[in-house]
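File shown: coords_22.pdb (PDB, C-alpha atoms).
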ATOM      1  CA  MET A   1      28.800   9.183  42.478
ATOM      2  CA  HIS A   2      29.130   5.534  43.385
ATOM      3  CA  ASP A   3      25.380   4.888  43.602
ATOM      4  CA  TYR A   4      25.113   4.239  39.849
ATOM      5  CA  LEU A   5      28.129   1.931  39.849
ATOM      6  CA  GLU A   6      26.883  -0.104  42.792
ATOM      7  CA  LYS A   7      23.355  -0.307  41.387
ATOM      8  CA  TYR A   8      24.547  -1.997  38.197
ATOM      9  CA  GLY A   9      27.484  -3.903  39.654
ATOM     10  CA  TRP A  10      30.282  -1.950  37.967
ATOM     11  CA  ALA A  11      33.662  -2.993  39.382
ATOM     12  CA  VAL A  12      36.359  -2.538  36.759
ATOM     13  CA  ASN A  13      39.851  -1.096  36.995
ATOM     14  CA  GLU A  14      42.297   0.310  34.440
ATOM     15  CA  THR A  15      44.272  -2.939  34.251
ATOM     16  CA  THR A  16      41.161  -4.936  33.362
ATOM     17  CA  ILE A  17      40.303  -2.447  30.622
ATOM     18  CA  ALA A  18      43.824  -2.438  29.162
ATOM     19  CA  ASN A  19      44.028  -6.240  29.145
ATOM     20  CA  ALA A  20      40.634  -6.561  27.483
ATOM     21  CA  ILE A  21      41.556  -4.067  24.754
ATOM     22  CA  GLU A  22      44.847  -5.832  24.059
ATOM     23  CA  GLU A  23      43.073  -9.166  23.709
ATOM     24  CA  ILE A  24      40.553  -7.708  21.272
ATOM     25  CA  LYS A  25      43.332  -6.088  19.228
ATOM     26  CA  GLU A  26      44.972  -9.479  18.869
ATOM     27  CA  SER A  27      41.695 -10.883  17.495
ATOM     28  CA  LEU A  28      41.383  -8.293  14.699
ATOM     29  CA  PRO A  29      42.912 -10.402  11.880
ATOM     30  CA  ALA A  30      39.950 -12.766  12.150
ATOM     31  CA  PHE A  31      37.590  -9.855  11.391
ATOM     32  CA  ARG A  32      39.313  -8.727   8.196
ATOM     33  CA  THR A  33      36.727 -10.383   5.978
ATOM     34  CA  GLN A  34      34.453  -9.022   3.283
ATOM     35  CA  GLU A  35      31.388  -9.910   5.364
ATOM     36  CA  ASP A  36      32.600  -8.017   8.447
ATOM     37  CA  TRP A  37      33.692  -4.989   6.427
ATOM     38  CA  LYS A  38      30.252  -4.914   4.791
ATOM     39  CA  ARG A  39      28.541  -5.045   8.175
ATOM     40  CA  CYS A  40      30.715  -2.159   9.359
ATOM     41  CA  PHE A  41      29.805  -0.170   6.253
ATOM     42  CA  GLY A  42      26.109  -0.815   6.842
ATOM     43  CA  ALA A  43      26.473   0.641  10.344
ATOM     44  CA  ILE A  44      27.790   4.035   9.195
ATOM     45  CA  ASP A  45      26.059   7.280  10.080
ATOM     46  CA  LEU A  46      27.425   9.207   7.095
ATOM     47  CA  THR A  47      28.205  12.524   8.708
ATOM     48  CA  THR A  48      28.857  16.092   7.614
ATOM     49  CA  LEU A  49      28.946  18.634  10.428
ATOM     50  CA  ASN A  50      30.910  21.581   9.102
ATOM     51  CA  ALA A  51      30.243  25.298   9.283
ATOM     52  CA  THR A  52      30.760  25.300   5.506
ATOM     53  CA  ASP A  53      27.974  22.787   4.784
ATOM     54  CA  THR A  54      25.546  24.071   2.166
ATOM     55  CA  VAL A  55      22.197  22.891   0.863
ATOM     56  CA  GLU A  56      23.842  21.873  -2.411
ATOM     57  CA  LYS A  57      26.664  19.956  -0.726
ATOM     58  CA  VAL A  58      24.204  17.990   1.410
ATOM     59  CA  ARG A  59      21.895  17.374  -1.558
ATOM     60  CA  ILE A  60      24.795  15.901  -3.541
ATOM     61  CA  LEU A  61      25.762  13.685  -0.596
ATOM     62  CA  THR A  62      22.165  12.453  -0.363
ATOM     63  CA  GLU A  63      22.085  11.690  -4.098
ATOM     64  CA  LYS A  64      25.214   9.596  -3.677
ATOM     65  CA  VAL A  65      23.397   7.609  -0.990
ATOM     66  CA  ASN A  66      20.405   7.214  -3.341
ATOM     67  CA  ASN A  67      22.624   5.946  -6.174
ATOM     68  CA  PHE A  68      24.780   3.713  -4.010
ATOM     69  CA  PRO A  69      22.896   0.418  -4.691
ATOM     70  CA  ALA A  70      23.348   0.834  -8.444
ATOM     71  CA  HIS A  71      27.094   1.364  -8.077
ATOM     72  CA  PHE A  72      27.715  -1.291  -5.404
ATOM     73  CA  PRO A  73      25.126  -4.089  -5.724
ATOM     74  CA  GLY A  74      25.264  -6.603  -2.906
ATOM     75  CA  THR A  75      26.739  -4.077  -0.451
ATOM     76  CA  PRO A  76      24.470  -2.676   2.272
ATOM     77  CA  GLY A  77      23.978   1.067   2.188
ATOM     78  CA  VAL A  78      24.803   3.383   5.072
ATOM     79  CA  ALA A  79      22.484   3.386   8.076
ATOM     80  CA  ALA A  80      21.867   7.133   8.251
ATOM     81  CA  ILE A  81      22.852  10.571   7.055
ATOM     82  CA  CYS A  82      23.795  12.856   9.956
ATOM     83  CA  ILE A  83      23.604  16.638   9.531
ATOM     84  CA  TYR A  84      22.834  19.872  11.343
ATOM     85  CA  PRO A  85      19.115  20.610  11.979
ATOM     86  CA  ALA A  86      18.876  23.348   9.334
ATOM     87  CA  LEU A  87      19.732  20.771   6.648
ATOM     88  CA  VAL A  88      17.260  18.071   7.663
ATOM     89  CA  ARG A  89      14.646  19.227   5.147
ATOM     90  CA  THR A  90      17.248  19.065   2.353
ATOM     91  CA  VAL A  91      17.952  15.411   3.134
ATOM     92  CA  ARG A  92      14.271  14.606   3.611
ATOM     93  CA  ASP A  93      13.330  16.068   0.231
ATOM     94  CA  ALA A  94      16.209  14.415  -1.650
ATOM     95  CA  LEU A  95      16.409  11.000   0.038
ATOM     96  CA  LYS A  96      14.874   8.158  -2.008
ATOM     97  CA  THR A  97      16.145   5.242   0.074
ATOM     98  CA  PRO A  98      13.588   4.485   2.835
ATOM     99  CA  ALA A  99      15.961   2.285   4.842
ATOM    100  CA  VAL A 100      18.380   5.185   5.399
ATOM    101  CA  ARG A 101      17.498   7.211   8.466
ATOM    102  CA  ILE A 102      17.878  10.966   8.893
ATOM    103  CA  ALA A 103      19.910  11.890  11.964
ATOM    104  CA  ALA A 104      20.249  15.460  13.194
ATOM    105  CA  VAL A 105      22.528  16.768  15.908
ATOM    106  CA  GLY A 106      20.730  19.028  18.341
ATOM    107  CA  ALA A 107      20.391  20.492  21.819
ATOM    108  CA  GLY A 108      23.113  23.061  21.316
ATOM    109  CA  PHE A 109      25.552  20.618  19.700
ATOM    110  CA  PRO A 110      28.473  20.329  20.257
ATOM    111  CA  ALA A 111      28.841  22.211  23.562
ATOM    112  CA  SER A 112      25.319  21.725  24.974
ATOM    113  CA  GLN A 113      25.730  25.115  26.658
ATOM    114  CA  THR A 114      22.314  26.620  26.107
ATOM    115  CA  PHE A 115      18.900  26.743  27.747
ATOM    116  CA  ILE A 116      16.908  23.530  28.120
ATOM    117  CA  LYS A 117      13.937  25.113  26.329
ATOM    118  CA  VAL A 118      16.181  25.900  23.364
ATOM    119  CA  LYS A 119      17.522  22.340  23.427
ATOM    120  CA  CYS A 120      14.038  20.832  23.431
ATOM    121  CA  ASP A 121      12.704  23.218  20.795
ATOM    122  CA  GLU A 122      15.648  22.607  18.464
ATOM    123  CA  CYS A 123      15.268  18.835  18.709
ATOM    124  CA  ARG A 124      11.488  18.987  18.304
ATOM    125  CA  MET A 125      11.852  21.189  15.219
ATOM    126  CA  ALA A 126      14.405  18.815  13.697
ATOM    127  CA  VAL A 127      11.926  15.949  14.079
ATOM    128  CA  GLU A 128       9.156  18.066  12.553
ATOM    129  CA  GLN A 129      11.455  18.723   9.576
ATOM    130  CA  GLY A 130      11.949  14.979   9.060
ATOM    131  CA  ALA A 131      14.676  13.741  11.401
ATOM    132  CA  THR A 132      14.111  10.199  12.631
ATOM    133  CA  GLU A 133      17.113  10.246  14.975
ATOM    134  CA  ILE A 134      18.542  12.975  17.199
ATOM    135  CA  ASP A 135      22.117  13.076  18.517
ATOM    136  CA  ILE A 136      22.623  15.255  21.601
ATOM    137  CA  VAL A 137      25.452  15.912  24.044
ATOM    138  CA  ILE A 138      24.961  15.576  27.784
ATOM    139  CA  SER A 139      25.151  18.767  29.787
ATOM    140  CA  LEU A 140      28.861  18.216  30.320
ATOM    141  CA  GLY A 141      29.321  21.243  32.559
ATOM    142  CA  ALA A 142      26.602  19.997  34.891
ATOM    143  CA  PHE A 143      28.041  16.479  34.843
ATOM    144  CA  LEU A 144      31.568  17.616  35.703
ATOM    145  CA  SER A 145      30.104  19.684  38.544
ATOM    146  CA  GLY A 146      28.465  16.558  39.955
ATOM    147  CA  ASP A 147      24.952  17.758  39.126
ATOM    148  CA  TYR A 148      23.723  14.423  37.801
ATOM    149  CA  ASP A 149      20.067  15.331  38.406
ATOM    150  CA  THR A 150      20.253  18.129  35.834
ATOM    151  CA  VAL A 151      21.984  15.845  33.322
ATOM    152  CA  SER A 152      19.274  13.217  33.721
ATOM    153  CA  ALA A 153      16.388  15.700  33.714
ATOM    154  CA  GLU A 154      17.562  17.333  30.477
ATOM    155  CA  ILE A 155      17.836  13.988  28.675
ATOM    156  CA  ARG A 156      14.333  13.050  29.843
ATOM    157  CA  GLN A 157      12.889  16.357  28.645
ATOM    158  CA  ILE A 158      14.578  16.105  25.260
ATOM    159  CA  LYS A 159      13.422  12.501  24.920
ATOM    160  CA  ALA A 160       9.846  13.623  25.560
ATOM    161  CA  ALA A 161      10.217  16.442  23.043
ATOM    162  CA  THR A 162      11.457  14.145  20.262
ATOM    163  CA  GLY A 163       8.677  11.568  20.536
ATOM    164  CA  GLN A 164       9.289   8.446  18.464
ATOM    165  CA  ALA A 165      12.656   9.595  17.108
ATOM    166  CA  HIS A 166      15.625   7.599  18.377
ATOM    167  CA  LEU A 167      17.728   9.581  20.831
ATOM    168  CA  LYS A 168      21.506   9.131  20.782
ATOM    169  CA  VAL A 169      23.219  10.642  23.812
ATOM    170  CA  ILE A 170      26.852  11.723  23.443
ATOM    171  CA  LEU A 171      28.996  11.485  26.575
ATOM    172  CA  GLU A 172      32.064  13.326  25.192
ATOM    173  CA  THR A 173      34.280  10.636  26.683
ATOM    174  CA  GLY A 174      37.519  12.474  25.932
ATOM    175  CA  ALA A 175      36.704  14.824  28.811
ATOM    176  CA  LEU A 176      35.907  12.015  31.276
ATOM    177  CA  THR A 177      37.722   9.470  33.403
ATOM    178  CA  ALA A 178      36.916   5.768  33.108
ATOM    179  CA  MET A 179      34.660   5.938  36.167
ATOM    180  CA  GLN A 180      32.908   9.044  34.850
ATOM    181  CA  ILE A 181      32.283   7.335  31.502
ATOM    182  CA  ALA A 182      30.543   4.491  33.331
ATOM    183  CA  ILE A 183      28.441   6.855  35.451
ATOM    184  CA  ALA A 184      27.448   8.956  32.430
ATOM    185  CA  SER A 185      26.509   5.793  30.529
ATOM    186  CA  PHE A 186      24.139   4.638  33.274
ATOM    187  CA  ILE A 187      22.622   8.111  33.703
ATOM    188  CA  ALA A 188      21.923   8.397  29.972
ATOM    189  CA  MET A 189      20.395   4.929  29.707
ATOM    190  CA  GLU A 190      18.211   5.421  32.775
ATOM    191  CA  ALA A 191      16.988   8.712  31.320
ATOM    192  CA  GLY A 192      15.823   7.018  28.106
ATOM    193  CA  ALA A 193      18.731   7.072  25.643
ATOM    194  CA  ASP A 194      18.191   4.690  22.732
ATOM    195  CA  PHE A 195      21.935   4.851  21.995
ATOM    196  CA  ILE A 196      24.927   6.043  23.927
ATOM    197  CA  LYS A 197      27.658   7.622  21.827
ATOM    198  CA  THR A 198      31.277   8.400  22.614
ATOM    199  CA  SER A 199      32.053  11.785  21.137
ATOM    200  CA  THR A 200      31.180  14.803  19.056
ATOM    201  CA  GLY A 201      34.465  14.582  17.173
ATOM    202  CA  LYS A 202      35.043  18.220  18.103
ATOM    203  CA  ILE A 203      37.467  17.634  21.000
ATOM    204  CA  GLU A 204      40.391  15.265  21.499
ATOM    205  CA  PRO A 205      40.539  12.463  22.190
ATOM    206  CA  ALA A 206      37.373  11.421  20.382
ATOM    207  CA  ALA A 207      36.372   7.738  20.299
ATOM    208  CA  THR A 208      38.846   5.359  21.922
ATOM    209  CA  PRO A 209      38.739   1.570  22.325
ATOM    210  CA  ALA A 210      38.919   1.958  26.105
ATOM    211  CA  ALA A 211      35.871   4.243  26.201
ATOM    212  CA  ALA A 212      34.030   1.856  23.877
ATOM    213  CA  TRP A 213      34.825  -1.130  26.086
ATOM    214  CA  ILE A 214      33.573   0.699  29.172
ATOM    215  CA  MET A 215      30.372   1.847  27.481
ATOM    216  CA  THR A 216      29.526  -1.537  25.972
ATOM    217  CA  ASN A 217      30.026  -3.211  29.339
ATOM    218  CA  CYS A 218      27.692  -0.649  30.895
ATOM    219  CA  ILE A 219      25.155  -1.464  28.165
ATOM    220  CA  ARG A 220      25.534  -5.151  29.025
ATOM    221  CA  LEU A 221      25.007  -4.553  32.742
ATOM    222  CA  PHE A 222      22.035  -2.267  32.079
ATOM    223  CA  TYR A 223      20.472  -4.893  29.815
ATOM    224  CA  GLU A 224      20.986  -7.604  32.432
ATOM    225  CA  LYS A 225      19.304  -5.402  35.041
ATOM    226  CA  THR A 226      16.434  -3.951  32.968
ATOM    227  CA  GLY A 227      16.009  -6.086  29.844
ATOM    228  CA  LYS A 228      16.396  -2.978  27.659
ATOM    229  CA  LYS A 229      18.833  -3.126  24.737
ATOM    230  CA  THR A 230      20.653   0.168  24.250
ATOM    231  CA  GLY A 231      22.608   0.877  21.088
ATOM    232  CA  PHE A 232      26.240   1.936  20.915
ATOM    233  CA  LYS A 233      27.827   4.495  18.598
ATOM    234  CA  PRO A 234      31.532   5.356  18.564
ATOM    235  CA  ALA A 235      32.259   8.577  16.693
ATOM    236  CA  GLY A 236      35.229  10.798  15.968
ATOM    237  CA  GLY A 237      38.592   9.776  14.589
ATOM    238  CA  ILE A 238      37.347   6.584  12.921
ATOM    239  CA  VAL A 239      39.229   6.642   9.621
ATOM    240  CA  SER A 240      40.733   3.283   8.616
ATOM    241  CA  SER A 241      38.983  -0.029   8.053
ATOM    242  CA  ASP A 242      40.822  -1.392  11.086
ATOM    243  CA  ASP A 243      39.499   1.515  13.178
ATOM    244  CA  ALA A 244      35.977   0.433  12.273
ATOM    245  CA  LEU A 245      36.742  -3.241  12.858
ATOM    246  CA  MET A 246      38.138  -2.499  16.316
ATOM    247  CA  TYR A 247      34.811  -1.086  17.481
ATOM    248  CA  TYR A 248      32.935  -3.848  15.697
ATOM    249  CA  ALA A 249      35.096  -6.422  17.506
ATOM    250  CA  ILE A 250      34.563  -4.727  20.875
ATOM    251  CA  VAL A 251      30.794  -4.856  20.437
ATOM    252  CA  LYS A 252      30.904  -8.501  19.389
ATOM    253  CA  SER A 253      33.208  -9.420  22.278
ATOM    254  CA  VAL A 254      31.187  -7.653  24.980
ATOM    255  CA  LEU A 255      27.601  -7.731  23.702
ATOM    256  CA  GLY A 256      27.557 -10.480  21.091
ATOM    257  CA  GLY A 257      26.504 -10.713  17.470
ATOM    258  CA  ASP A 258      22.912  -9.664  18.202
ATOM    259  CA  TRP A 259      24.159  -6.105  18.705
ATOM    260  CA  LEU A 260      25.917  -5.938  15.326
ATOM    261  CA  VAL A 261      22.903  -4.583  13.456
ATOM    262  CA  PRO A 262      22.153  -0.940  12.564
ATOM    263  CA  ALA A 263      19.365  -0.836  15.144
ATOM    264  CA  LEU A 264      21.985  -1.256  17.894
ATOM    265  CA  PHE A 265      25.386  -0.417  16.412
ATOM    266  CA  ARG A 266      26.489   2.636  14.456
ATOM    267  CA  LEU A 267      29.772   4.180  13.391
ATOM    268  CA  GLY A 268      29.781   7.960  13.342
ATOM    269  CA  ALA A 269      32.137   8.777  10.500
ATOM    270  CA  SER A 270      32.684  10.437   7.163
ATOM    271  CA  ARG A 271      36.202   9.422   6.097
ATOM    272  CA  VAL A 272      35.919   5.700   6.877
ATOM    273  CA  ALA A 273      33.258   5.022   4.218
ATOM    274  CA  ASN A 274      35.628   5.065   1.239
ATOM    275  CA  ASN A 275      38.256   3.071   3.139
ATOM    276  CA  LEU A 276      35.759   0.335   3.964
ATOM    277  CA  LEU A 277      34.605   0.224   0.344
ATOM    278  CA  SER A 278      38.237  -0.063  -0.738
ATOM    279  CA  SER A 279      38.698  -2.993   1.651
ATOM    280  CA  ILE A 280      35.530  -4.712   0.438
ATOM    281  CA  PHE A 281      36.417  -4.421  -3.267
ATOM    282  CA  ILE A 282      40.223  -4.626  -2.890
ATOM    283  CA  THR A 283      40.770  -1.477  -4.930
ATOM    284  CA  ASP A 284      40.928   2.241  -4.161
ATOM    285  CA  ILE A 285      37.415   3.720  -4.100
ATOM    286  CA  ASN A 286      36.553   7.369  -3.591
ATOM    287  CA  TYR A 287      32.776   7.418  -3.891
ATOM    288  CA  PHE A 288      31.756   9.684  -1.007
TER     289      PHE A 288
END

Rewrite the structure from the file as structure tokens, please.
Amino acid sequence: MHDYLEKYGWAVNETTIANAIEEIKESLPAFRTQEDWKRCFGAIDLTTLNATDTVEKVRILTEKVNNFPAHFPGTPGVAAICIYPALVRTVRDALKTPAVRIAAVGAGFPASQTFIKVKCDECRMAVEQGATEIDIVISLGAFLSGDYDTVSAEIRQIKAATGQAHLKVILETGALTAMQIAIASFIAMEAGADFIKTSTGKIEPAATPAAAWIMTNCIRLFYEKTGKKTGFKPAGGIVSSDDALMYYAIVKSVLGGDWLVPALFRLGASRVANNLLSSIFITDINYF
């Protein structure tokens, strides 16, 4: 267990984490600016992952993304639309905004409790349908059993199956201790994750500032050791503009402004989009 922590020089305790989070919270007023809210909005993976999702519902959502620049000139559009694999083709056929990426959850999302062949095939098929990003969950059962080799091997196989698509690896941090979050972060990055992501949003707690601080520090240590920049995506329970700014501020504090671009920072959310727009334009907006 400790091999990963020693390899990357991880030596953090709960007090250090709590103090760091409190300090960042105190800095939030400085981030309540139109520019920072816009950058948060531009980092959104606009997400709909409901059993009730239909082709028509997802098509309408995609049309709203297409029409966004006409309604809100000068405001960056969302970074991606995130849906289940069966709806990737719907987004691909309707999307007219090349800068917006198509993200699909896969590999037996959200439980990751299926066969590795099924996981790889599902992710490969999503890419063939038009997904440019794939969000998967680590094999949490294997991880909690201490079988880190299986966790790593599955990520590597899925990464190979998805080719050039960006792979976001979800740790499901609500089920992990602080030390386990750090270990899972290093395992995922070593195995080829382009992003590490907090949560599926399907269990509680979802994203938390503490988990984000741990993960971004692991990204920093991994970058210092390997030179590889890994992205960070908090997801689940991000509703208010201040929720978004908190994660934005954590990334800036730990990793610096270079990470505050869609290529390295995303917010997995659906409800926060209208709240950020309302903050930007200082009026209630209910566009999405």

Near-Ala142 (chain A) list (12 Å; all atoms listed in the file; drop same-chain fewer than 4 positions) as a ChimeraX atom specification:
/A:111-114,137-138,146-154,184

Store the residues of this selection in a file with C-alpha atoms, as a PDB file, in the coordinates of the input.
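The resulting out_37.pdb:
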ATOM      1  CA  ALA A 111      28.841  22.211  23.562  1.00  0.00           C
ATOM      2  CA  SER A 112      25.319  21.725  24.974  1.00  0.00           C
ATOM      3  CA  GLN A 113      25.730  25.115  26.658  1.00  0.00           C
ATOM      4  CA  THR A 114      22.314  26.620  26.107  1.00  0.00           C
ATOM      5  CA  VAL A 137      25.452  15.912  24.044  1.00  0.00           C
ATOM      6  CA  ILE A 138      24.961  15.576  27.784  1.00  0.00           C
ATOM      7  CA  GLY A 146      28.465  16.558  39.955  1.00  0.00           C
ATOM      8  CA  ASP A 147      24.952  17.758  39.126  1.00  0.00           C
ATOM      9  CA  TYR A 148      23.723  14.423  37.801  1.00  0.00           C
ATOM     10  CA  ASP A 149      20.067  15.331  38.406  1.00  0.00           C
ATOM     11  CA  THR A 150      20.253  18.129  35.834  1.00  0.00           C
ATOM     12  CA  VAL A 151      21.984  15.845  33.322  1.00  0.00           C
ATOM     13  CA  SER A 152      19.274  13.217  33.721  1.00  0.00           C
ATOM     14  CA  ALA A 153      16.388  15.700  33.714  1.00  0.00           C
ATOM     15  CA  GLU A 154      17.562  17.333  30.477  1.00  0.00           C
ATOM     16  CA  ALA A 184      27.448   8.956  32.430  1.00  0.00           C
TER      17      ALA A 184
END

Exercise: Met215 (chain A) partners within 12 Å, all atoms listed in the file, chain neighbours under 2 positions left out, as a count of residues only
48

Find the residues near region 46-62 of chain A: any atom within 6 Å, counting all atoms listed in the file, skip ones fewer than 2 places away on the same chain, and give them as a PyMOL selection string.
chain A and resi 44+64-65+81-83+95+269-270

Spatial sel., origin (32.7, 5.4, 3.9), limit 9 Å, only C-alpha atoms, listed as a PyMOL selection string
chain A and resi 41+44+46+78+239+269-277+286-288

Picked residues, the PyMOL selection byres ((chain A and resi 75) around 12), as a list in words:
Gln34, Glu35, Asp36, Trp37, Lys38, Arg39, Cys40, Phe41, Gly42, Ala43, Phe68, Pro69, Ala70, His71, Phe72, Pro73, Gly74, Pro76, Gly77, Val78, Leu276, Leu277, Ile280 and Phe281 of chain A

Please, what distance in Å, to one decimal, runs between CA of Leu87 (chain A) and CA of Ser240 (chain A)?
27.4 Å

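The two atoms in question, CA of Asn19 (chain A) and CA of Phe143 (chain A), are spaced 28.4 Å apart.
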
Provide the CA of Ser139 (chain A) to CA of Gly227 (chain A) distance in Å, to one decimal place.
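CA of Gly227 (chain A) lies at a distance of 26.5 Å from CA of Ser139 (chain A).
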
Counting all atoms listed in the file, the residue among A:Ala191, A:Ile214, A:Val88, A:Ala94 that lies closest to Thr16 (chain A) is A:Ile214

Written as number ranges by chain, which residues does the PyMOL selection byres ((chain A and resi 203) around 9) give for the file shown?
A: 172, 174-175, 199-202, 204-206, 236

As number ranges by chain, please: the residues near Ala107 (chain A) (cut-off 7 Å, all atoms listed in the file, same-chain neighbours under 5 positions excluded).
A: 112, 119-120, 122-123, 136

Tell me which of A:Leu167, A:Ala161, A:Gly108, A:Ile155 sits closest to Glu133 (chain A), counting all atoms listed in the file.
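So, comparing all the options, the nearest one is A:Leu167.
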
So that all listed atoms of region 240-252 of chain A fit with 3 Å spare on each side, what axis-aligned box centre and edge lengths in Å, to one decimal, would you give as lines of an AutoDock Vina configuration file?
center_x = 35.8
center_y = -2.6
center_z = 14.5
size_x = 16.0
size_y = 17.8
size_z = 18.8

Nearest residue to Ile238 (chain A) from the set A:Ala99, A:Leu28, A:Leu140, A:Leu267 (distances using all atoms listed in the file):
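Looking only at the distances to Ile238 (chain A), the closest residue turns out to be A:Leu267.
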
With 6 Å as the threshold, what does the neighbourhood of (14.8, 14.1, 6.0) contain in terms of residues, counting only C-alpha atoms? Coordinates are those of the file; answer as an MDAnalysis selection string.
chainID A and resid 88:89 91:92 102 130:131

Return the single residue from A:Thr132, A:Ser145, A:Thr226, A:Asn13 that is closest to Thr162 (chain A), with distances computed using only C-alpha atoms.
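Under the stated criterion, the closest residue is A:Thr132.
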
Of the residues A:Leu176, A:Leu264, A:Ile158, A:Ser253, which is the one nearest to Val118 (chain A), using only C-alpha atoms?
A:Ile158

Mind filling out region 186-205 of chain A with N, CA and C atoms and sending it as a PDB file, keeping the file's coordinate frame?
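out14.pdb was written with the following content:
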ATOM      1  N   PHE A 186      25.318   5.077  32.527  1.00  0.00           N
ATOM      2  CA  PHE A 186      24.139   4.638  33.274  1.00  0.00           C
ATOM      3  C   PHE A 186      23.107   5.751  33.402  1.00  0.00           C
ATOM      4  N   ILE A 187      23.557   6.984  33.627  1.00  0.00           N
ATOM      5  CA  ILE A 187      22.622   8.111  33.703  1.00  0.00           C
ATOM      6  C   ILE A 187      21.850   8.248  32.396  1.00  0.00           C
ATOM      7  N   ALA A 188      22.568   8.217  31.268  1.00  0.00           N
ATOM      8  CA  ALA A 188      21.923   8.397  29.972  1.00  0.00           C
ATOM      9  C   ALA A 188      20.922   7.284  29.690  1.00  0.00           C
ATOM     10  N   MET A 189      21.303   6.048  29.976  1.00  0.00           N
ATOM     11  CA  MET A 189      20.395   4.929  29.707  1.00  0.00           C
ATOM     12  C   MET A 189      19.168   4.981  30.604  1.00  0.00           C
ATOM     13  N   GLU A 190      19.359   5.304  31.873  1.00  0.00           N
ATOM     14  CA  GLU A 190      18.211   5.421  32.775  1.00  0.00           C
ATOM     15  C   GLU A 190      17.254   6.518  32.320  1.00  0.00           C
ATOM     16  N   ALA A 191      17.812   7.578  31.733  1.00  0.00           N
ATOM     17  CA  ALA A 191      16.988   8.712  31.320  1.00  0.00           C
ATOM     18  C   ALA A 191      16.286   8.486  29.986  1.00  0.00           C
ATOM     19  N   GLY A 192      16.571   7.353  29.318  1.00  0.00           N
ATOM     20  CA  GLY A 192      15.823   7.018  28.106  1.00  0.00           C
ATOM     21  C   GLY A 192      16.600   7.020  26.816  1.00  0.00           C
ATOM     22  N   ALA A 193      17.935   7.101  26.874  1.00  0.00           N
ATOM     23  CA  ALA A 193      18.731   7.072  25.643  1.00  0.00           C
ATOM     24  C   ALA A 193      18.495   5.777  24.882  1.00  0.00           C
ATOM     25  N   ASP A 194      18.290   5.878  23.577  1.00  0.00           N
ATOM     26  CA  ASP A 194      18.191   4.690  22.732  1.00  0.00           C
ATOM     27  C   ASP A 194      19.582   4.201  22.338  1.00  0.00           C
ATOM     28  N   PHE A 195      20.523   5.135  22.252  1.00  0.00           N
ATOM     29  CA  PHE A 195      21.935   4.851  21.995  1.00  0.00           C
ATOM     30  C   PHE A 195      22.758   5.681  22.967  1.00  0.00           C
ATOM     31  N   ILE A 196      23.929   5.173  23.327  1.00  0.00           N
ATOM     32  CA  ILE A 196      24.927   6.043  23.927  1.00  0.00           C
ATOM     33  C   ILE A 196      26.100   6.120  22.963  1.00  0.00           C
ATOM     34  N   LYS A 197      26.672   7.310  22.862  1.00  0.00           N
ATOM     35  CA  LYS A 197      27.658   7.622  21.827  1.00  0.00           C
ATOM     36  C   LYS A 197      28.890   8.243  22.486  1.00  0.00           C
ATOM     37  N   THR A 198      30.057   7.944  21.963  1.00  0.00           N
ATOM     38  CA  THR A 198      31.277   8.400  22.614  1.00  0.00           C
ATOM     39  C   THR A 198      31.469   9.908  22.542  1.00  0.00           C
ATOM     40  N   SER A 199      31.433  10.472  21.327  1.00  0.00           N
ATOM     41  CA  SER A 199      32.053  11.785  21.137  1.00  0.00           C
ATOM     42  C   SER A 199      31.360  12.617  20.063  1.00  0.00           C
ATOM     43  N   THR A 200      31.634  13.907  20.117  1.00  0.00           N
ATOM     44  CA  THR A 200      31.180  14.803  19.056  1.00  0.00           C
ATOM     45  C   THR A 200      32.175  14.835  17.899  1.00  0.00           C
ATOM     46  N   GLY A 201      33.414  14.446  18.164  1.00  0.00           N
ATOM     47  CA  GLY A 201      34.465  14.582  17.173  1.00  0.00           C
ATOM     48  C   GLY A 201      35.060  15.985  17.157  1.00  0.00           C
ATOM     49  N   LYS A 202      34.590  16.832  18.074  1.00  0.00           N
ATOM     50  CA  LYS A 202      35.043  18.220  18.103  1.00  0.00           C
ATOM     51  C   LYS A 202      36.138  18.466  19.141  1.00  0.00           C
ATOM     52  N   ILE A 203      36.373  17.503  20.053  1.00  0.00           N
ATOM     53  CA  ILE A 203      37.467  17.634  21.000  1.00  0.00           C
ATOM     54  C   ILE A 203      38.282  16.345  20.979  1.00  0.00           C
ATOM     55  N   GLU A 204      39.511  16.428  21.451  1.00  0.00           N
ATOM     56  CA  GLU A 204      40.391  15.265  21.499  1.00  0.00           C
ATOM     57  C   GLU A 204      40.641  14.835  22.941  1.00  0.00           C
ATOM     58  N   PRO A 205      40.753  13.519  23.183  1.00  0.00           N
ATOM     59  CA  PRO A 205      40.539  12.463  22.190  1.00  0.00           C
ATOM     60  C   PRO A 205      39.051  12.266  21.908  1.00  0.00           C
TER      61      PRO A 205
END
